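I have placed the structure first, in the form of structure tokens, so that the comments after it can refer back to it.
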Amino acid sequence: MSDENRKLCAGVVVAAHGVRGQVKVKSFLEDPGDLLSYGPLTNEQGDKSYELDITGSAKGSILCKINGVSDRNEAEAIKGLKLFIDREKLPDIEEEDEFYADDLVGLKVLDSDQKEIGAVSALFDFGAGDILEVVLSSTGKKELFPFTKEIFPKVDMAKREVVLDQPAVILSQDEDGNVH
């Protein structure tokens with residue numbers, strides 16, 4: 001899929017709020033209020049559109065009314081709904097060391113000796129910081145790593161790769177140096 005047709009997850013409905021159909025949305029944008037800046041949001045397939053009206057904030061989430069959701073039952077029914085924006089609507093990244101988190105998925109993962117050890121398959125935020133899920137080339141097993149500058153000192157978007165500096169601490173290696 002080309003960048004022009006890609007969608008990026010901008011937020012997710014995490015809970016119903018009140019009895020009149022409001023929902024709590026966790027925004028993945030630097031400024032949560034920017035959810036309204038890109039026009040209607042869509043589901044991942046892009047075949048359903050959602051217009052939001054921000055009504056407040058609560059515990060790291062924004063409170064919203066979503067078109068077509070008018071009571072608590074409807075709000076609870078969309079819990080977990082991921083809200084997407086078209087990639088083309090986002091501003092271009094101008095700094096070399098900046099990127100959209102979604103762009104990490106699919107990057108090759110190299111060790112500090114530039115040996116490929118896997119690929120990024122997902123990015124998670126469970127509340128204590130970003131976590132990268134890496135599928136190991138040698139076993140196909142998925143491993144989770146904190147996405148910190150110490151563990152991932154280099155992200156090269158031009159080469160589509162990221163360096164995992166401390167795999168030996170987290171992963172075991174056999175006598176041939178293969179990561180497991």
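Identifiers in the structure tokens: chain A, B, ... in order shown; residue index from 1 per chain; ligand index from 1 in order shown.
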How would you write, as a PyMOL selection string, the set of residues in region 1-179 of chain A that DSSP gives as strand (DSSP E or B)?
chain A and resi 7-17+22-27+41-42+49-50+52-58+61-66+82-86+108-110+116-125+130-136+142-146+154-156+161-163+173+179
Hey, could you make a per-residue contact list for region 43-112 of chain A against region 16-20 of chain A with 10 Å as the cut-off, showing the nearest pair of atoms and its distance in Å to one decimal, counting only C-alpha atoms, sorted by chain and number, as a tab-separated table?
```
residue	atom	partner	partner_atom	distance
A:Ala58	CA	A:His17	CA	9.8
A:Leu63	CA	A:His17	CA	7.5
A:Cys64	CA	A:His17	CA	8.8
A:Lys65	CA	A:Arg20	CA	8.8
A:Val69	CA	A:Arg20	CA	8.3
A:Ser70	CA	A:Arg20	CA	5.7
A:Asp71	CA	A:Arg20	CA	4.5
A:Arg72	CA	A:Val19	CA	4.7
A:Asn73	CA	A:Val19	CA	8.3
A:Glu74	CA	A:Ala16	CA	8.6
A:Ala75	CA	A:Ala16	CA	5.1
A:Glu76	CA	A:Ala16	CA	5.2
A:Ala77	CA	A:Ala16	CA	8.7
A:Ile78	CA	A:Ala16	CA	8.5
A:Lys79	CA	A:Ala16	CA	7.1
```
Prev. selection, N, CA, C and O atoms, output as a PDB file, in the first residue's frame:
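Once everything was written out, this is out-v6.pdb:
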```
ATOM      1  N   ALA A  58     -10.416  13.493  30.502  1.00  0.00           N
ATOM      2  CA  ALA A  58     -10.463  12.728  31.749  1.00  0.00           C
ATOM      3  C   ALA A  58      -9.346  11.704  31.769  1.00  0.00           C
ATOM      4  O   ALA A  58      -9.275  10.840  30.903  1.00  0.00           O
ATOM      5  N   LEU A  63     -12.825  13.271  26.073  1.00  0.00           N
ATOM      6  CA  LEU A  63     -14.234  12.898  26.049  1.00  0.00           C
ATOM      7  C   LEU A  63     -14.832  13.429  24.756  1.00  0.00           C
ATOM      8  O   LEU A  63     -14.595  14.581  24.393  1.00  0.00           O
ATOM      9  N   CYS A  64     -15.582  12.574  24.071  1.00  0.00           N
ATOM     10  CA  CYS A  64     -16.120  12.946  22.765  1.00  0.00           C
ATOM     11  C   CYS A  64     -17.545  12.476  22.580  1.00  0.00           C
ATOM     12  O   CYS A  64     -17.957  11.468  23.158  1.00  0.00           O
ATOM     13  N   LYS A  65     -18.228  13.196  21.731  1.00  0.00           N
ATOM     14  CA  LYS A  65     -19.481  12.725  21.152  1.00  0.00           C
ATOM     15  C   LYS A  65     -19.109  12.292  19.742  1.00  0.00           C
ATOM     16  O   LYS A  65     -18.355  12.970  19.057  1.00  0.00           O
ATOM     17  N   VAL A  69     -23.886   8.063  17.733  1.00  0.00           N
ATOM     18  CA  VAL A  69     -23.842   7.379  19.027  1.00  0.00           C
ATOM     19  C   VAL A  69     -24.605   8.254  20.017  1.00  0.00           C
ATOM     20  O   VAL A  69     -24.152   9.349  20.357  1.00  0.00           O
ATOM     21  N   SER A  70     -25.778   7.766  20.477  1.00  0.00           N
ATOM     22  CA  SER A  70     -26.633   8.641  21.276  1.00  0.00           C
ATOM     23  C   SER A  70     -26.927   8.134  22.686  1.00  0.00           C
ATOM     24  O   SER A  70     -27.537   8.845  23.474  1.00  0.00           O
ATOM     25  N   ASP A  71     -26.512   6.896  23.007  1.00  0.00           N
ATOM     26  CA  ASP A  71     -26.738   6.426  24.379  1.00  0.00           C
ATOM     27  C   ASP A  71     -25.583   5.536  24.826  1.00  0.00           C
ATOM     28  O   ASP A  71     -24.689   5.200  24.048  1.00  0.00           O
ATOM     29  N   ARG A  72     -25.601   5.171  26.089  1.00  0.00           N
ATOM     30  CA  ARG A  72     -24.505   4.396  26.673  1.00  0.00           C
ATOM     31  C   ARG A  72     -24.320   3.038  25.984  1.00  0.00           C
ATOM     32  O   ARG A  72     -23.190   2.603  25.759  1.00  0.00           O
ATOM     33  N   ASN A  73     -25.418   2.371  25.645  1.00  0.00           N
ATOM     34  CA  ASN A  73     -25.305   1.063  24.977  1.00  0.00           C
ATOM     35  C   ASN A  73     -24.564   1.183  23.651  1.00  0.00           C
ATOM     36  O   ASN A  73     -23.713   0.352  23.335  1.00  0.00           O
ATOM     37  N   GLU A  74     -24.883   2.206  22.870  1.00  0.00           N
ATOM     38  CA  GLU A  74     -24.181   2.420  21.596  1.00  0.00           C
ATOM     39  C   GLU A  74     -22.712   2.766  21.835  1.00  0.00           C
ATOM     40  O   GLU A  74     -21.838   2.333  21.091  1.00  0.00           O
ATOM     41  N   ALA A  75     -22.461   3.549  22.885  1.00  0.00           N
ATOM     42  CA  ALA A  75     -21.079   3.916  23.217  1.00  0.00           C
ATOM     43  C   ALA A  75     -20.278   2.680  23.638  1.00  0.00           C
ATOM     44  O   ALA A  75     -19.128   2.497  23.225  1.00  0.00           O
ATOM     45  N   GLU A  76     -20.896   1.818  24.458  1.00  0.00           N
ATOM     46  CA  GLU A  76     -20.195   0.600  24.876  1.00  0.00           C
ATOM     47  C   GLU A  76     -19.962  -0.342  23.698  1.00  0.00           C
ATOM     48  O   GLU A  76     -18.963  -1.068  23.661  1.00  0.00           O
ATOM     49  N   ALA A  77     -20.849  -0.328  22.720  1.00  0.00           N
ATOM     50  CA  ALA A  77     -20.715  -1.215  21.559  1.00  0.00           C
ATOM     51  C   ALA A  77     -19.515  -0.860  20.684  1.00  0.00           C
ATOM     52  O   ALA A  77     -19.013  -1.718  19.958  1.00  0.00           O
ATOM     53  N   ILE A  78     -19.038   0.391  20.765  1.00  0.00           N
ATOM     54  CA  ILE A  78     -17.883   0.764  19.931  1.00  0.00           C
ATOM     55  C   ILE A  78     -16.582   0.815  20.732  1.00  0.00           C
ATOM     56  O   ILE A  78     -15.560   1.258  20.214  1.00  0.00           O
ATOM     57  N   LYS A  79     -16.609   0.339  21.968  1.00  0.00           N
ATOM     58  CA  LYS A  79     -15.373   0.274  22.754  1.00  0.00           C
ATOM     59  C   LYS A  79     -14.360  -0.566  21.975  1.00  0.00           C
ATOM     60  O   LYS A  79     -14.679  -1.633  21.457  1.00  0.00           O
TER      61      LYS A  79
END
```
Determine, counting only C-alpha atoms, which protein, DNA and RNA residues have an atom within 6 Å of an atom of Val25 (chain A); residues of the same chain fewer than 2 positions away are not included. Present the result as a list in words.
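Counting only the stated atoms, we get Val12, Val13, Val14, Ser61 and Ile62 of chain A.
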Would you save the residues of that selection, restricted to N, CA and C atoms, as an mmCIF file, in the first residue's frame?
```cif
data_model
loop_
_atom_site.group_PDB
_atom_site.id
_atom_site.type_symbol
_atom_site.label_atom_id
_atom_site.label_comp_id
_atom_site.auth_asym_id
_atom_site.auth_seq_id
_atom_site.Cartn_x
_atom_site.Cartn_y
_atom_site.Cartn_z
ATOM 1 N N VAL A 12 -8.173 5.512 19.842
ATOM 2 C CA VAL A 12 -9.026 4.352 20.059
ATOM 3 C C VAL A 12 -10.057 4.696 21.131
ATOM 4 N N VAL A 13 -11.273 4.209 20.921
ATOM 5 C CA VAL A 13 -12.326 4.388 21.920
ATOM 6 C C VAL A 13 -12.033 3.415 23.060
ATOM 7 N N VAL A 14 -11.825 3.957 24.262
ATOM 8 C CA VAL A 14 -11.442 3.098 25.390
ATOM 9 C C VAL A 14 -12.583 2.809 26.353
ATOM 10 N N SER A 61 -7.366 10.783 28.628
ATOM 11 C CA SER A 61 -8.221 10.556 27.465
ATOM 12 C C SER A 61 -9.012 11.824 27.186
ATOM 13 N N ILE A 62 -9.564 11.894 25.980
ATOM 14 C CA ILE A 62 -10.468 12.996 25.682
ATOM 15 C C ILE A 62 -11.885 12.447 25.649
#
```
Shell of 8 Å around region 131-134 of chain A, only C-alpha atoms, local chain residues under 3 positions omitted, as a PDB file with all heavy atoms, in the first residue's frame:
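What ended up in result21.pdb:
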```
ATOM      1  N   VAL A 109      15.111  -5.210  12.095  1.00  0.00           N
ATOM      2  CA  VAL A 109      15.774  -5.013  13.386  1.00  0.00           C
ATOM      3  C   VAL A 109      17.161  -5.625  13.275  1.00  0.00           C
ATOM      4  O   VAL A 109      17.304  -6.809  12.956  1.00  0.00           O
ATOM      5  CB  VAL A 109      14.980  -5.669  14.535  1.00  0.00           C
ATOM      6  CG1 VAL A 109      15.716  -5.479  15.854  1.00  0.00           C
ATOM      7  CG2 VAL A 109      13.576  -5.075  14.615  1.00  0.00           C
ATOM      8  N   GLY A 118      15.546  -9.634  13.096  1.00  0.00           N
ATOM      9  CA  GLY A 118      14.092  -9.724  13.006  1.00  0.00           C
ATOM     10  C   GLY A 118      13.481  -8.516  12.342  1.00  0.00           C
ATOM     11  O   GLY A 118      14.154  -7.772  11.627  1.00  0.00           O
ATOM     12  N   ALA A 119      12.177  -8.337  12.610  1.00  0.00           N
ATOM     13  CA  ALA A 119      11.436  -7.210  12.055  1.00  0.00           C
ATOM     14  C   ALA A 119      10.395  -6.741  13.067  1.00  0.00           C
ATOM     15  O   ALA A 119       9.838  -7.543  13.823  1.00  0.00           O
ATOM     16  CB  ALA A 119      10.752  -7.617  10.756  1.00  0.00           C
ATOM     17  N   VAL A 120      10.144  -5.448  13.082  1.00  0.00           N
ATOM     18  CA  VAL A 120       9.121  -4.882  13.964  1.00  0.00           C
ATOM     19  C   VAL A 120       7.754  -5.282  13.422  1.00  0.00           C
ATOM     20  O   VAL A 120       7.448  -5.049  12.254  1.00  0.00           O
ATOM     21  CB  VAL A 120       9.235  -3.349  14.038  1.00  0.00           C
ATOM     22  CG1 VAL A 120       8.110  -2.768  14.895  1.00  0.00           C
ATOM     23  CG2 VAL A 120      10.592  -2.929  14.569  1.00  0.00           C
ATOM     24  N   SER A 121       6.941  -5.909  14.269  1.00  0.00           N
ATOM     25  CA  SER A 121       5.608  -6.331  13.829  1.00  0.00           C
ATOM     26  C   SER A 121       4.492  -5.498  14.447  1.00  0.00           C
ATOM     27  O   SER A 121       3.377  -5.473  13.921  1.00  0.00           O
ATOM     28  CB  SER A 121       5.382  -7.807  14.139  1.00  0.00           C
ATOM     29  OG  SER A 121       5.548  -8.059  15.515  1.00  0.00           O
ATOM     30  N   ALA A 122       4.769  -4.792  15.546  1.00  0.00           N
ATOM     31  CA  ALA A 122       3.735  -3.968  16.168  1.00  0.00           C
ATOM     32  C   ALA A 122       4.371  -3.010  17.163  1.00  0.00           C
ATOM     33  O   ALA A 122       5.507  -3.202  17.601  1.00  0.00           O
ATOM     34  CB  ALA A 122       2.708  -4.844  16.885  1.00  0.00           C
ATOM     35  N   LEU A 123       3.613  -1.989  17.507  1.00  0.00           N
ATOM     36  CA  LEU A 123       4.003  -1.029  18.532  1.00  0.00           C
ATOM     37  C   LEU A 123       2.849  -0.940  19.517  1.00  0.00           C
ATOM     38  O   LEU A 123       1.693  -0.801  19.106  1.00  0.00           O
ATOM     39  CB  LEU A 123       4.261   0.342  17.910  1.00  0.00           C
ATOM     40  CG  LEU A 123       4.552   1.479  18.874  1.00  0.00           C
ATOM     41  CD1 LEU A 123       5.947   1.346  19.462  1.00  0.00           C
ATOM     42  CD2 LEU A 123       4.417   2.821  18.187  1.00  0.00           C
ATOM     43  N   PHE A 124       3.149  -1.053  20.801  1.00  0.00           N
ATOM     44  CA  PHE A 124       2.121  -1.009  21.837  1.00  0.00           C
ATOM     45  C   PHE A 124       2.462   0.072  22.844  1.00  0.00           C
ATOM     46  O   PHE A 124       3.624   0.393  23.062  1.00  0.00           O
ATOM     47  CB  PHE A 124       2.027  -2.348  22.577  1.00  0.00           C
ATOM     48  CG  PHE A 124       1.746  -3.523  21.699  1.00  0.00           C
ATOM     49  CD1 PHE A 124       2.733  -4.463  21.434  1.00  0.00           C
ATOM     50  CD2 PHE A 124       0.497  -3.702  21.129  1.00  0.00           C
ATOM     51  CE1 PHE A 124       2.480  -5.553  20.625  1.00  0.00           C
ATOM     52  CE2 PHE A 124       0.230  -4.788  20.320  1.00  0.00           C
ATOM     53  CZ  PHE A 124       1.229  -5.725  20.067  1.00  0.00           C
ATOM     54  N   ASP A 125       1.427   0.581  23.500  1.00  0.00           N
ATOM     55  CA  ASP A 125       1.596   1.478  24.637  1.00  0.00           C
ATOM     56  C   ASP A 125       0.632   1.009  25.709  1.00  0.00           C
ATOM     57  O   ASP A 125      -0.573   1.234  25.618  1.00  0.00           O
ATOM     58  CB  ASP A 125       1.310   2.924  24.256  1.00  0.00           C
ATOM     59  CG  ASP A 125       1.486   3.877  25.431  1.00  0.00           C
ATOM     60  OD1 ASP A 125       1.751   3.410  26.558  1.00  0.00           O
ATOM     61  OD2 ASP A 125       1.349   5.089  25.229  1.00  0.00           O
ATOM     62  N   PHE A 126       1.144   0.308  26.702  1.00  0.00           N
ATOM     63  CA  PHE A 126       0.326  -0.219  27.787  1.00  0.00           C
ATOM     64  C   PHE A 126       0.274   0.742  28.964  1.00  0.00           C
ATOM     65  O   PHE A 126      -0.173   0.379  30.034  1.00  0.00           O
ATOM     66  CB  PHE A 126       0.851  -1.584  28.233  1.00  0.00           C
ATOM     67  CG  PHE A 126       0.849  -2.613  27.137  1.00  0.00           C
ATOM     68  CD1 PHE A 126       2.030  -3.160  26.672  1.00  0.00           C
ATOM     69  CD2 PHE A 126      -0.336  -3.033  26.555  1.00  0.00           C
ATOM     70  CE1 PHE A 126       2.034  -4.113  25.665  1.00  0.00           C
ATOM     71  CE2 PHE A 126      -0.344  -3.983  25.544  1.00  0.00           C
ATOM     72  CZ  PHE A 126       0.837  -4.529  25.103  1.00  0.00           C
ATOM     73  N   LYS A 142       7.771 -14.030  18.713  1.00  0.00           N
ATOM     74  CA  LYS A 142       7.592 -12.601  18.956  1.00  0.00           C
ATOM     75  C   LYS A 142       8.152 -12.252  20.326  1.00  0.00           C
ATOM     76  O   LYS A 142       7.884 -12.943  21.304  1.00  0.00           O
ATOM     77  CB  LYS A 142       6.113 -12.224  18.892  1.00  0.00           C
ATOM     78  CG  LYS A 142       5.525 -12.389  17.518  1.00  0.00           C
ATOM     79  CD  LYS A 142       4.054 -12.043  17.500  1.00  0.00           C
ATOM     80  CE  LYS A 142       3.493 -12.240  16.098  1.00  0.00           C
ATOM     81  NZ  LYS A 142       2.050 -11.949  16.060  1.00  0.00           N
ATOM     82  N   GLU A 143       8.935 -11.177  20.372  1.00  0.00           N
ATOM     83  CA  GLU A 143       9.505 -10.672  21.629  1.00  0.00           C
ATOM     84  C   GLU A 143       9.117  -9.215  21.773  1.00  0.00           C
ATOM     85  O   GLU A 143       9.021  -8.482  20.792  1.00  0.00           O
ATOM     86  CB  GLU A 143      11.033 -10.787  21.619  1.00  0.00           C
ATOM     87  CG  GLU A 143      11.558 -12.190  21.612  1.00  0.00           C
ATOM     88  CD  GLU A 143      11.460 -12.876  22.964  1.00  0.00           C
ATOM     89  OE1 GLU A 143      11.255 -12.201  23.992  1.00  0.00           O
ATOM     90  OE2 GLU A 143      11.602 -14.110  22.990  1.00  0.00           O
ATOM     91  N   LEU A 144       8.920  -8.783  23.008  1.00  0.00           N
ATOM     92  CA  LEU A 144       8.588  -7.394  23.302  1.00  0.00           C
ATOM     93  C   LEU A 144       9.792  -6.687  23.905  1.00  0.00           C
ATOM     94  O   LEU A 144      10.472  -7.241  24.773  1.00  0.00           O
ATOM     95  CB  LEU A 144       7.405  -7.319  24.274  1.00  0.00           C
ATOM     96  CG  LEU A 144       6.107  -7.956  23.796  1.00  0.00           C
ATOM     97  CD1 LEU A 144       5.050  -7.892  24.901  1.00  0.00           C
ATOM     98  CD2 LEU A 144       5.594  -7.295  22.533  1.00  0.00           C
ATOM     99  N   PHE A 145      10.043  -5.452  23.435  1.00  0.00           N
ATOM    100  CA  PHE A 145      11.169  -4.658  23.916  1.00  0.00           C
ATOM    101  C   PHE A 145      10.698  -3.240  24.226  1.00  0.00           C
ATOM    102  O   PHE A 145       9.963  -2.656  23.424  1.00  0.00           O
ATOM    103  CB  PHE A 145      12.266  -4.563  22.857  1.00  0.00           C
ATOM    104  CG  PHE A 145      12.846  -5.872  22.448  1.00  0.00           C
ATOM    105  CD1 PHE A 145      12.349  -6.553  21.352  1.00  0.00           C
ATOM    106  CD2 PHE A 145      13.892  -6.434  23.156  1.00  0.00           C
ATOM    107  CE1 PHE A 145      12.885  -7.768  20.966  1.00  0.00           C
ATOM    108  CE2 PHE A 145      14.437  -7.639  22.785  1.00  0.00           C
ATOM    109  CZ  PHE A 145      13.940  -8.320  21.680  1.00  0.00           C
ATOM    110  N   PRO A 146      11.135  -2.668  25.343  1.00  0.00           N
ATOM    111  CA  PRO A 146      10.827  -1.253  25.589  1.00  0.00           C
ATOM    112  C   PRO A 146      11.450  -0.407  24.478  1.00  0.00           C
ATOM    113  O   PRO A 146      12.619  -0.605  24.122  1.00  0.00           O
ATOM    114  CB  PRO A 146      11.500  -0.965  26.930  1.00  0.00           C
ATOM    115  CG  PRO A 146      11.758  -2.308  27.540  1.00  0.00           C
ATOM    116  CD  PRO A 146      11.918  -3.270  26.409  1.00  0.00           C
ATOM    117  N   PHE A 147      10.673   0.495  23.917  1.00  0.00           N
ATOM    118  CA  PHE A 147      11.191   1.346  22.851  1.00  0.00           C
ATOM    119  C   PHE A 147      11.793   2.594  23.477  1.00  0.00           C
ATOM    120  O   PHE A 147      11.155   3.627  23.620  1.00  0.00           O
ATOM    121  CB  PHE A 147      10.093   1.702  21.848  1.00  0.00           C
ATOM    122  CG  PHE A 147      10.599   2.480  20.668  1.00  0.00           C
ATOM    123  CD1 PHE A 147      11.628   1.983  19.893  1.00  0.00           C
ATOM    124  CD2 PHE A 147      10.055   3.697  20.342  1.00  0.00           C
ATOM    125  CE1 PHE A 147      12.114   2.699  18.809  1.00  0.00           C
ATOM    126  CE2 PHE A 147      10.526   4.428  19.259  1.00  0.00           C
ATOM    127  CZ  PHE A 147      11.552   3.932  18.490  1.00  0.00           C
TER     128      PHE A 147
END
```
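Within region 94-171 of chain A, the backbone-based DSSP assignment of helix (DSSP H, G or I) covers Ala101, Asp102, Asp103, Leu104, Pro167, Ala168, Val169 and Ile170 of chain A.
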Do you have, as a Markdown table, the list of residues of region 121-168 of chain A lying at most 12 Å from region 80-98 of chain A, each with its nearest atom pair and that distance in Å to one decimal, counting only C-alpha atoms and ordered by chain then number?
```
| residue | atom | partner | partner_atom | distance |
| --- | --- | --- | --- | --- |
| A:Lys149 | CA | A:Asp97 | CA | 11.2 |
| A:Pro153 | CA | A:Asp97 | CA | 10.7 |
| A:Lys154 | CA | A:Asp97 | CA | 8.7 |
| A:Val155 | CA | A:Asp97 | CA | 7.3 |
| A:Asp156 | CA | A:Asp97 | CA | 8.0 |
| A:Met157 | CA | A:Glu96 | CA | 8.4 |
| A:Ala158 | CA | A:Glu96 | CA | 9.3 |
| A:Val162 | CA | A:Asp97 | CA | 11.7 |
```
